[in-house]
Amino acid sequence: VTLGRRKVAVIGGGITGLTAAFYLQNFAQQKNLPVDVVLIESSLRLGGKIQTLRKDGYIIERGPESFLDYNGSVRELALDLGIEKEMVTNNNGQTYVVVGSDLYPIPNIFMHGGSLEVSSFITTGLFSLSGKLRAAGDLLLPKTREEQDEPIGDFFRRRFGKEVVENLVEPLLAGTFAGDIDHLSIQSMFPQFYQLEKQYRSLILGMKKSGHAYSKNHIDTYQTFANGLESLIEALESKLVPQTVLKGVKVESLDKTKDGTIHIHFNNIAPLKCDAVIMTTPFNATKAIFNRYGLLEDVPEMNYATIATVTMAFKQNELKKYKDAMSFYVSRNSDLAITTCTWCNHKWNNVAPEGYDLLRVYIGRVGDEAIVELSDHDIEKTVLNDLNSAIGLCEEPLFTVVSRWKESMPQYTVGHDQRMEEIKHQLYSEFPNINLVGSSYEGISIPDCIAQGKKAALEMLEEMFQ
Ligand code: FAD
């Protein structure tokens with residue numbers, strides 16, 4: 001550590017770590033603070049889960065494909081990087097749910113809660129009459145007296161009944177988080193619904209009064225970048241001083257000297273001394289690093305879902321019936337292995353050449369991971385079979401891109417917030433100059449990760465130079 005200067009290491013080069021490193025560097029420059037930043041990434045590329053493949057006029061997202069910028073953090077970052085003009089908004093289209101072997105349009109009331117269209121709920125074929133009556137019970141039922149966290153499944157079953165959960169809530173959540181609604185936490189995943197019940201008793205009335213939709217602040221347009229999400233990663237990387245980015249270097253353990261200096265040990269290079277660390281690695285990787293120091297040993301590992309995205313290009317076929325379709329989700333009542341499917345070229349302009357369809361599906365979810373282990377060929381066969389059953393597509397794709405994401409989607413199960421608080425407490429009492437952030441902690445979405453990375457950078461500088 002150079003005299004007078006402070007060194008901050010950011011571990012993990014996904015969107016959280018890149019954002020943290022960028023803002024550390026940016027704020028330090030703006031305020032003329034003597035800080036050196038180093039970003040450490042174990043793989044040979046930056047971006048973590050964000051990975052765009054640009055190929056023959058197609059833009060293919062291997063990981064995430066868009067974001068709901070409910071907290072404005074992506075826009076702020078894009079402005080600071082000078083790439084805000086590249087942000088694009090999705091086209092509108094119909095979303096469906098597959099129940100049994102049929103596709104049902106999702107009533108607007110559920111996709112855009114603010115504009116409460118009760119008529120579309122009454123006429124939908126998605127629920128039986130008794131299912132609809134039970135859902136309307138939300139208007140009358142008292143609120144729970146429990147203050148404790150509960151599974152998302154129990155919460156929505158209590159308000160809307162079993163059928164709405166099976167045919168709508170579960171498929172939407174499985175398609176988004178690949179999780180098991182009987183374990184995921186309502187307080188950590190959907191604090192806005194938990195609050196709605198507390199404040200308004202009925203979720204339907206609460207949504208109407210407060211203008212709440214599924215997203216946290218009634219934002220229902222998705223966004224991405226014209227040339228794919230990796231534009232964000234490329235812009236971030238281009239702003240970092242190249243010598244401060246270490247790729248292909250894995251952190252194995254950490255320890256500290258009496259004066260609090262942290263020593264980072266790697267698999268392949270000499271240890272690094274630094275004054276503070278922002279750790280953005282997934283929780284289990286972080287736990288392994290601290291276990292070697294004798295910390296977090298009694299803390300259980302976190303559960304992550306294993307999934308794969310499969311993107312296929314087709315010559316535009318005669319599926320005219322679905323020309324306005326954007327996506328469909330799949331309920332557990334159907335025999336399909338895929339959990340959701342998006343017409344990327346309907347949702348976004350310029351992601352496929354004229355005359356071609358680009359379809360992207362997800363496979364795998366908690367309790368159904370084995371499918372991700374199949375060969376590319378078998379995955380392709382399964383997906384084609386499912387697309388044939390669901391939408392009658394019976395053509396061969398021009399190409400298929402399979403991207404496996406093993407143990408990649410953190411599962412915030414009941415009690416998550418409290419557990420994370422306890423873990424941070426345990427760790428920070430030993431290492432007050434370390435900050436844990438990223439998708440394992442306070443939000444999985446890209447806007448949540450960016451907000452966490454930026455906040456960690458600001459807090460770190462404030463603490464160092466207060
Ligand atoms: P990561 O991207 O996981 O980055 C962590 C980095 O740490 C990795 O690069 C890893 O290599 C590195 N690392 C690990 N161990 C070490 C070590 N010991 N030493 C050094 N480096 C290490 N979110 C949305 O908002 N919209 C979506 O549409 C969406 N879709 C998704 C689809 C998929 C298939 C997946 C997997 C996620 C999706 N998400 C989506 C979630 C979102 O993409 C992620 O939560 C987010 O990108 C995670 O960023 P991160 O920086 O916290 O973690």
# chains A, B, ... in the order shown; residues from 1 in each chain; ligands from 1
$ residues_near_ligand --ligand "ligand 1" --cutoff "6 Å" --atoms "only C-alpha atoms and all ligand atoms" --output "ChimeraX atom specification"
/A:11-17,40-43,47-50,63-67,250-252,280-282,285,405,408-409,438-439,444-446,449
$ residues_around --residues "Met279 in chain A" --least-positions-apart "2" --cutoff "12 Å" --atoms "only C-alpha atoms" --output "JSON, numbers by chain"
{"A": [8, 9, 10, 11, 12, 13, 14, 16, 17, 18, 20, 21, 38, 39, 40, 41, 251, 254, 264, 276, 277, 281, 282, 283, 284, 285, 286, 287, 289, 290, 424, 427, 431, 433, 434, 435, 436, 437, 438, 439, 440, 441, 452, 453, 456, 457, 460]}
$ closest_residue --among "A:Thr311, A:Thr413, A:Thr52, A:Thr19" --to "Asp80 in chain A" --atoms "only C-alpha atoms"
A:Thr19
$ residues_around --residues "Pro171 in chain A" --least-positions-apart "5" --cutoff "8 Å" --atoms "only C-alpha atoms" --output "list in words"
Val97, Glu166, Tyr329, Val330, Ser331, Arg332 and Thr339 of chain A
$ write_last_selection --atoms "C-alpha atoms" --output "PDB file, in the first residue's frame"
ATOM      1  CA  VAL A  97     -49.908 -18.781 -19.932  1.00  0.00           C
ATOM      2  CA  GLU A 166     -51.324 -22.410 -10.045  1.00  0.00           C
ATOM      3  CA  TYR A 329     -45.207 -18.777 -19.408  1.00  0.00           C
ATOM      4  CA  VAL A 330     -45.848 -22.400 -18.538  1.00  0.00           C
ATOM      5  CA  SER A 331     -47.825 -23.644 -15.542  1.00  0.00           C
ATOM      6  CA  ARG A 332     -46.858 -26.811 -13.698  1.00  0.00           C
ATOM      7  CA  THR A 339     -40.821 -22.669 -18.421  1.00  0.00           C
TER       8      THR A 339
END
$ closest_residue --among "A:Gly206, A:Pro142, A:Gly392, A:Gly179" --to "Gln411 in chain A" --atoms "only C-alpha atoms"
A:Gly179
$ residues_around --residues "range 321-325 of chain A" --least-positions-apart "5" --cutoff "12 Å" --atoms "only C-alpha atoms" --output "PyMOL selection string"
chain A and resi 91-97+103-106+316+341-347+357+359+390-393
$ write_last_selection --atoms "N, CA, C and O atoms" --output "compact mmCIF listing (two decimals), in the first residue's frame"
# COMPACT_ATOMS: atom_id res chain seq x y z
N ASN A 91 -41.33 -3.45 -27.53
CA ASN A 91 -42.60 -3.28 -28.22
C ASN A 91 -43.67 -3.96 -27.39
O ASN A 91 -43.38 -4.85 -26.60
N ASN A 92 -44.92 -3.55 -27.58
CA ASN A 92 -46.00 -4.21 -26.84
C ASN A 92 -46.38 -5.52 -27.51
O ASN A 92 -46.21 -5.69 -28.70
N GLY A 93 -46.92 -6.43 -26.73
CA GLY A 93 -47.39 -7.70 -27.30
C GLY A 93 -48.16 -8.45 -26.25
O GLY A 93 -48.14 -8.09 -25.08
N GLN A 94 -48.84 -9.49 -26.69
CA GLN A 94 -49.66 -10.27 -25.77
C GLN A 94 -48.80 -11.30 -25.03
O GLN A 94 -47.94 -11.95 -25.62
N THR A 95 -49.06 -11.45 -23.75
CA THR A 95 -48.40 -12.49 -22.95
C THR A 95 -49.43 -13.56 -22.61
O THR A 95 -50.58 -13.24 -22.33
N TYR A 96 -49.01 -14.80 -22.65
CA TYR A 96 -49.91 -15.94 -22.42
C TYR A 96 -49.41 -16.83 -21.29
O TYR A 96 -48.24 -16.76 -20.90
N VAL A 97 -50.31 -17.69 -20.82
CA VAL A 97 -49.91 -18.78 -19.93
C VAL A 97 -50.37 -20.09 -20.56
O VAL A 97 -51.49 -20.16 -21.07
N LEU A 103 -53.05 -22.30 -24.63
CA LEU A 103 -52.49 -20.98 -24.32
C LEU A 103 -53.62 -20.02 -23.99
O LEU A 103 -54.57 -19.89 -24.76
N TYR A 104 -53.52 -19.33 -22.85
CA TYR A 104 -54.53 -18.34 -22.47
C TYR A 104 -53.86 -16.97 -22.36
O TYR A 104 -52.83 -16.85 -21.67
N PRO A 105 -54.46 -15.93 -22.97
CA PRO A 105 -53.88 -14.59 -22.78
C PRO A 105 -53.96 -14.21 -21.31
O PRO A 105 -54.95 -14.52 -20.65
N ILE A 106 -52.94 -13.56 -20.80
CA ILE A 106 -52.99 -13.10 -19.41
C ILE A 106 -53.79 -11.81 -19.36
O ILE A 106 -53.48 -10.86 -20.09
N GLN A 316 -39.25 -17.08 -41.02
CA GLN A 316 -40.58 -16.70 -40.55
C GLN A 316 -41.62 -17.64 -41.16
O GLN A 316 -41.63 -17.86 -42.36
N CYS A 341 -41.22 -18.71 -22.87
CA CYS A 341 -40.73 -18.52 -24.25
C CYS A 341 -41.00 -17.08 -24.66
O CYS A 341 -42.07 -16.54 -24.38
N THR A 342 -40.02 -16.45 -25.30
CA THR A 342 -40.19 -15.07 -25.76
C THR A 342 -39.90 -14.97 -27.26
O THR A 342 -38.93 -15.56 -27.73
N TRP A 343 -40.75 -14.24 -27.97
CA TRP A 343 -40.48 -13.91 -29.36
C TRP A 343 -39.58 -12.67 -29.32
O TRP A 343 -40.07 -11.53 -29.27
N CYS A 344 -38.26 -12.87 -29.33
CA CYS A 344 -37.34 -11.73 -29.18
C CYS A 344 -37.55 -10.69 -30.28
O CYS A 344 -37.47 -9.49 -30.02
N ASN A 345 -37.84 -11.17 -31.50
CA ASN A 345 -37.97 -10.20 -32.61
C ASN A 345 -39.31 -9.47 -32.58
O ASN A 345 -39.47 -8.47 -33.26
N HIS A 346 -40.27 -9.94 -31.79
CA HIS A 346 -41.49 -9.16 -31.58
C HIS A 346 -41.25 -8.14 -30.47
O HIS A 346 -41.74 -7.02 -30.53
N LYS A 347 -40.52 -8.58 -29.46
CA LYS A 347 -40.30 -7.72 -28.29
C LYS A 347 -39.35 -6.56 -28.61
O LYS A 347 -39.52 -5.46 -28.10
N ASP A 357 -37.57 -15.29 -37.36
CA ASP A 357 -38.04 -15.23 -35.98
C ASP A 357 -36.90 -15.66 -35.07
O ASP A 357 -36.16 -16.61 -35.39
N LEU A 359 -36.61 -17.02 -31.29
CA LEU A 359 -37.33 -17.46 -30.09
C LEU A 359 -36.34 -17.85 -29.00
O LEU A 359 -35.32 -18.48 -29.29
N ALA A 390 -47.04 -26.40 -27.85
CA ALA A 390 -47.62 -25.15 -27.34
C ALA A 390 -48.15 -24.26 -28.46
O ALA A 390 -49.26 -23.74 -28.36
N ILE A 391 -47.36 -24.06 -29.51
CA ILE A 391 -47.77 -23.07 -30.53
C ILE A 391 -47.79 -23.64 -31.94
O ILE A 391 -47.93 -22.90 -32.92
N GLY A 392 -47.64 -24.95 -32.04
CA GLY A 392 -47.75 -25.60 -33.34
C GLY A 392 -46.58 -25.31 -34.27
O GLY A 392 -46.71 -25.37 -35.49
N LEU A 393 -45.43 -25.00 -33.69
CA LEU A 393 -44.25 -24.73 -34.52
C LEU A 393 -43.61 -26.05 -34.88
O LEU A 393 -43.23 -26.82 -34.00
$ closest_residue --among "A:Arg5, A:Asn90, A:Leu168, A:Leu81" --to "Ser238 in chain A" --atoms "only C-alpha atoms"
A:Leu81
$ select_by_dssp --residues "range 397-455 of chain A" --states "alpha helix (DSSP H)" --output "list in words"
His416, Asp417, Gln418, Arg419, Met420, Glu421, Glu422, Ile423, Lys424, His425, Gln426, Leu427, Tyr428, Ser429, Glu430, Ile446, Pro447, Asp448, Cys449, Ile450, Ala451, Gln452, Gly453, Lys454 and Lys455 of chain A
$ residues_around --residues "Ile338 in chain A" --least-positions-apart "2" --cutoff "9 Å" --atoms "only C-alpha atoms" --output "ChimeraX atom specification"
/A:175,329-330,336,340-341,361-364,382-383,386-387
$ write_last_selection --atoms "N, CA, C and O atoms" --output "compact mmCIF listing (two decimals), in the first residue's frame"
# COMPACT_ATOMS: atom_id res chain seq x y z
N GLY A 175 -41.00 -18.68 -14.39
CA GLY A 175 -40.39 -18.21 -15.64
C GLY A 175 -39.39 -17.09 -15.41
O GLY A 175 -38.54 -16.83 -16.24
N TYR A 329 -45.72 -18.12 -20.60
CA TYR A 329 -45.21 -18.78 -19.41
C TYR A 329 -45.90 -20.12 -19.30
O TYR A 329 -47.00 -20.30 -19.84
N VAL A 330 -45.31 -21.04 -18.58
CA VAL A 330 -45.85 -22.40 -18.54
C VAL A 330 -46.20 -22.79 -17.11
O VAL A 330 -45.35 -22.68 -16.21
N LEU A 336 -45.09 -29.55 -20.42
CA LEU A 336 -43.91 -28.99 -21.09
C LEU A 336 -42.72 -28.89 -20.14
O LEU A 336 -42.88 -28.68 -18.94
N THR A 340 -40.69 -20.83 -20.01
CA THR A 340 -41.17 -19.60 -20.64
C THR A 340 -40.55 -19.47 -22.03
O THR A 340 -39.53 -20.09 -22.32
N CYS A 341 -41.22 -18.71 -22.87
CA CYS A 341 -40.73 -18.52 -24.25
C CYS A 341 -41.00 -17.08 -24.66
O CYS A 341 -42.07 -16.54 -24.38
N VAL A 361 -36.17 -19.60 -25.11
CA VAL A 361 -36.90 -20.28 -24.04
C VAL A 361 -35.97 -20.53 -22.86
O VAL A 361 -34.75 -20.51 -22.99
N TYR A 362 -36.59 -20.75 -21.70
CA TYR A 362 -35.86 -21.15 -20.50
C TYR A 362 -36.22 -22.60 -20.22
O TYR A 362 -37.39 -22.99 -20.36
N ILE A 363 -35.25 -23.37 -19.77
CA ILE A 363 -35.54 -24.69 -19.22
C ILE A 363 -34.89 -24.79 -17.84
O ILE A 363 -33.90 -24.10 -17.58
N GLY A 364 -35.46 -25.65 -17.01
CA GLY A 364 -34.90 -25.87 -15.68
C GLY A 364 -35.49 -24.93 -14.65
O GLY A 364 -35.81 -23.78 -14.96
N THR A 382 -36.02 -31.54 -27.11
CA THR A 382 -37.06 -31.31 -26.11
C THR A 382 -37.75 -29.98 -26.35
O THR A 382 -38.99 -29.88 -26.31
N VAL A 383 -36.96 -28.96 -26.62
CA VAL A 383 -37.53 -27.62 -26.82
C VAL A 383 -38.41 -27.60 -28.06
O VAL A 383 -39.53 -27.06 -28.05
N ASP A 386 -41.68 -29.19 -27.38
CA ASP A 386 -42.55 -28.33 -26.57
C ASP A 386 -43.14 -27.19 -27.40
O ASP A 386 -44.30 -26.81 -27.24
N LEU A 387 -42.31 -26.60 -28.28
CA LEU A 387 -42.80 -25.49 -29.10
C LEU A 387 -43.88 -26.00 -30.06
O LEU A 387 -44.86 -25.30 -30.34
$ closest_residue --among "A:Tyr412, A:Tyr58, A:Ala178, A:Phe465" --to "Asn32 in chain A" --atoms "only C-alpha atoms"
A:Phe465
$ closest_residue --among "A:Glu61, A:Glu369, A:Glu421, A:Asp255" --to "Val351 in chain A" --atoms "only C-alpha atoms"
A:Glu61
$ residues_around --residues "Ala313 in chain A" --least-positions-apart "6" --cutoff "8 Å" --atoms "only C-alpha atoms" --output "compact mmCIF listing (two decimals) with C-alpha atoms, in the first residue's frame"
# COMPACT_ATOMS: atom_id res chain seq x y z
CA TYR A 356 -36.62 -14.42 -39.41
CA ASP A 357 -38.04 -15.23 -35.98
CA LEU A 358 -35.80 -15.41 -32.92
CA LEU A 359 -37.33 -17.46 -30.09
CA PRO A 397 -34.28 -24.02 -36.55
CA LEU A 398 -31.53 -22.39 -38.60
CA PHE A 399 -29.36 -22.51 -35.51
CA THR A 400 -29.66 -23.09 -31.76
$ residues_around --residues "Leu44 in chain A" --least-positions-apart "5" --cutoff "10 Å" --atoms "only C-alpha atoms" --output "PyMOL selection string"
chain A and resi 13+246-249
$ atom_distance --atom1 "CA of Ile269 in chain A" --atom2 "CA of Glu237 in chain A"
22.0 Å
$ closest_residue --among "A:Gln199, A:Thr224, A:Gln51, A:Thr244" --to "Gln25 in chain A" --atoms "only C-alpha atoms"
A:Thr244
$ atom_distance --atom1 "CA of Tyr304 in chain A" --atom2 "CA of Arg365 in chain A"
9.5 Å
$ select_by_dssp --residues "range 70-172 of chain A" --states "strand (DSSP E)" --output "compact mmCIF listing (two decimals) with N, CA, C and O atoms, in the first residue's frame"
# COMPACT_ATOMS: atom_id res chain seq x y z
N MET A 87 -30.25 3.15 -25.10
CA MET A 87 -31.31 2.42 -24.37
C MET A 87 -32.56 2.32 -25.24
O MET A 87 -32.98 3.32 -25.82
N VAL A 88 -33.13 1.13 -25.32
CA VAL A 88 -34.35 0.93 -26.11
C VAL A 88 -35.44 0.27 -25.25
O VAL A 88 -35.14 -0.42 -24.28
N THR A 89 -36.69 0.52 -25.66
CA THR A 89 -37.84 0.05 -24.89
C THR A 89 -38.54 -1.05 -25.68
O THR A 89 -38.57 -1.01 -26.91
N GLN A 94 -48.84 -9.49 -26.69
CA GLN A 94 -49.66 -10.27 -25.77
C GLN A 94 -48.80 -11.30 -25.03
O GLN A 94 -47.94 -11.95 -25.62
N THR A 95 -49.06 -11.45 -23.75
CA THR A 95 -48.40 -12.49 -22.95
C THR A 95 -49.43 -13.56 -22.61
O THR A 95 -50.58 -13.24 -22.33
N TYR A 96 -49.01 -14.80 -22.65
CA TYR A 96 -49.91 -15.94 -22.42
C TYR A 96 -49.41 -16.83 -21.29
O TYR A 96 -48.24 -16.76 -20.90
N VAL A 97 -50.31 -17.69 -20.82
CA VAL A 97 -49.91 -18.78 -19.93
C VAL A 97 -50.37 -20.09 -20.56
O VAL A 97 -51.49 -20.16 -21.07
N VAL A 98 -49.53 -21.10 -20.52
CA VAL A 98 -49.95 -22.43 -20.97
C VAL A 98 -50.47 -23.19 -19.76
O VAL A 98 -49.73 -23.41 -18.79
N VAL A 99 -51.74 -23.56 -19.81
CA VAL A 99 -52.32 -24.40 -18.75
C VAL A 99 -52.82 -25.66 -19.46
O VAL A 99 -53.56 -25.54 -20.44
N ASP A 102 -53.27 -25.73 -23.48
CA ASP A 102 -53.79 -24.54 -24.15
C ASP A 102 -53.11 -23.25 -23.69
O ASP A 102 -52.69 -23.13 -22.54
N LEU A 103 -53.05 -22.30 -24.63
CA LEU A 103 -52.49 -20.98 -24.32
C LEU A 103 -53.62 -20.02 -23.99
O LEU A 103 -54.57 -19.89 -24.76
N TYR A 104 -53.52 -19.33 -22.85
CA TYR A 104 -54.53 -18.34 -22.47
C TYR A 104 -53.86 -16.97 -22.36
O TYR A 104 -52.83 -16.85 -21.67
N PRO A 105 -54.46 -15.93 -22.97
CA PRO A 105 -53.88 -14.59 -22.78
C PRO A 105 -53.96 -14.21 -21.31
O PRO A 105 -54.95 -14.52 -20.65
